[in-house]
Amino acid sequence: MTTGPVGVAVVGAGVISDAYLKALTSFPDTRVLAVADLDTERAARVATEHQVPVAGDLDTVLAVPEVEIVVNLTVPAAHAEVAEAAVRAGKHIYGEKPLTTLPEQGEQLLARAAERGLLVGNAPDTFLGAGIQTALRAVRAGHIGTPIAAHTAVQSLGPEGWHPDPAFFYQPGAGPLYDIGPYYLTSLVALFGGVARVAATARRGRDRRVTGSGPKAGQQFPVDVPTHVSALLEFHSGPSAASVFSFDSANRRIMFEVIGSEGALAVPDPNTFTGPVQVRANDSDEWQDLPVTGTTAGRGIGVLEMARALRTGQPHRASGELALHVLRTMAAITDSAEAHTFTDESVDTPLPAPSPLPEDWDPYAAELG
């Protein structure tokens, strides 16, 4: 078995790449060897900034023999194509969310990777951070008794106010459900296990939007996906959840609460790695803070855990199977909203919730020699 740090290439040098590269270049168990982008000049700038030795297009980085994991940070429409190319080149693949834009593509990707003995991982890895992990441990420790239901909401006016090129957020594979939804749905599955069936409604608030910052400020672009989605989810293990995902709300809101037979748990923003986590007993008028323990190292810890799994043969938590289940759930929500009925056709058979990370899991430890 190969030993030592795992070689990594990042494909897609856009906004999110900076967070990944800062983390992955700081972990002793990963070595970032290459950066690729359609804009090879941008790839070169980003590689230089993070002291990465190779930059170029996709073929260039796939040809680097020491690259074992390809981190796919491209736009959603390119996720399947880049992942398939990596698998054909014999590389393990870790992608940004969603896994692919269609469940059928995700199924094919996982099948082809399995045929070649390759691992698939996928964002979000925020559920591995201290905040959500503390919440998972609190539920499993019985702090709120038997889980009954969850309520989540994420509402804003969308990313065009801050992102310099936001059009892709409003194309298939994105929108609030596919862009923000994976953070909430992944955390819910981590809490309760797999989704059994869903019901949903969806609306598109505006047909066109305007870029608010950067060199494209003032430019209009089309909206091709729903921008306000309300969903009811029923889990195989029993609990239910009511969730709202919106890019149409002037009232910015982030909310995640779990109700149990003995109390309620306030869960932190699942798009972060930190707390706070609070619990309130049925017989109390006050919320109590729980100690928040775990890593806050940021985006890339899912890649790191997969890299360690590659060396040790242990399972990893931000897995392709989990991402595919979340993708199928989002597809079922979309189908339900279009058909105006409950649907379970696109949702998996029971999926066990991933076990919490050990409280002392350390991304900065050199475990691989």
# chains A, B, ... in the order shown; residues from 1 in each chain; ligands from 1
>>> residues_around(residues="Val75 (chain A)", least_positions_apart="5", cutoff="9 Å", atoms="only C-alpha atoms", output="mmCIF file with all heavy atoms, in the first residue's frame")
data_model
loop_
_atom_site.group_PDB
_atom_site.id
_atom_site.type_symbol
_atom_site.label_atom_id
_atom_site.label_comp_id
_atom_site.auth_asym_id
_atom_site.auth_seq_id
_atom_site.Cartn_x
_atom_site.Cartn_y
_atom_site.Cartn_z
ATOM 1 N N GLY A 12 -10.613 23.868 -11.269
ATOM 2 C CA GLY A 12 -11.537 24.983 -11.069
ATOM 3 C C GLY A 12 -10.927 25.991 -10.125
ATOM 4 O O GLY A 12 -10.843 25.743 -8.911
ATOM 5 N N GLU A 96 -17.237 19.367 -5.542
ATOM 6 C CA GLU A 96 -18.130 20.314 -4.888
ATOM 7 C C GLU A 96 -19.573 19.862 -5.118
ATOM 8 O O GLU A 96 -19.873 19.064 -6.011
ATOM 9 C CB GLU A 96 -17.919 21.743 -5.433
ATOM 10 C CG GLU A 96 -17.251 22.689 -4.446
ATOM 11 C CD GLU A 96 -18.035 22.861 -3.151
ATOM 12 O OE1 GLU A 96 -19.272 22.773 -3.155
ATOM 13 O OE2 GLU A 96 -17.397 23.089 -2.112
ATOM 14 N N PHE A 168 -24.367 31.297 -13.066
ATOM 15 C CA PHE A 168 -24.457 29.835 -12.929
ATOM 16 C C PHE A 168 -25.292 29.413 -11.733
ATOM 17 O O PHE A 168 -25.798 28.284 -11.680
ATOM 18 C CB PHE A 168 -23.059 29.202 -12.858
ATOM 19 C CG PHE A 168 -22.340 29.380 -11.546
ATOM 20 C CD1 PHE A 168 -22.475 28.451 -10.534
ATOM 21 C CD2 PHE A 168 -21.532 30.490 -11.328
ATOM 22 C CE1 PHE A 168 -21.807 28.605 -9.326
ATOM 23 C CE2 PHE A 168 -20.867 30.649 -10.125
ATOM 24 C CZ PHE A 168 -20.998 29.707 -9.117
ATOM 25 N N PHE A 169 -25.467 30.312 -10.744
ATOM 26 C CA PHE A 169 -26.314 29.997 -9.605
ATOM 27 C C PHE A 169 -27.781 29.841 -10.006
ATOM 28 O O PHE A 169 -28.585 29.323 -9.222
ATOM 29 C CB PHE A 169 -26.231 31.103 -8.542
ATOM 30 C CG PHE A 169 -24.945 31.109 -7.756
ATOM 31 C CD1 PHE A 169 -23.972 32.065 -7.993
ATOM 32 C CD2 PHE A 169 -24.710 30.167 -6.770
ATOM 33 C CE1 PHE A 169 -22.791 32.089 -7.269
ATOM 34 C CE2 PHE A 169 -23.534 30.178 -6.034
ATOM 35 C CZ PHE A 169 -22.572 31.142 -6.289
ATOM 36 N N GLY A 173 -29.003 22.617 -11.855
ATOM 37 C CA GLY A 173 -27.953 22.148 -10.958
ATOM 38 C C GLY A 173 -27.611 23.152 -9.884
ATOM 39 O O GLY A 173 -26.754 22.873 -9.035
#
>>> select_by_dssp(residues="region 174-304 of chain A", states="strand (DSSP E or B)", output="MDAnalysis selection string")
chainID A and resid 195:203 208:210 220:222 228:235 240:246 253:260 263:266 278:281 288:289
>>> closest_residue(among="A:Ala135, A:Ala78, A:Ala19, A:Leu351", to="Thr100 (chain A)", atoms="only C-alpha atoms")
A:Ala78
>>> closest_residue(among="A:Gly320, A:Gly142, A:Gly90, A:Pro363", to="Leu110 (chain A)", atoms="only C-alpha atoms")
A:Gly320
>>> atom_distance(atom1="CA of Pro182 (chain A)", atom2="CA of Leu73 (chain A)")
15.2 Å
>>> select_by_dssp(residues="region 64-98 of chain A", states="helix (DSSP H, G or I)", output="PyMOL selection string")
chain A and resi 76-88
>>> atom_distance(atom1="CA of Ser213 (chain A)", atom2="CA of Gly158 (chain A)")
12.9 Å
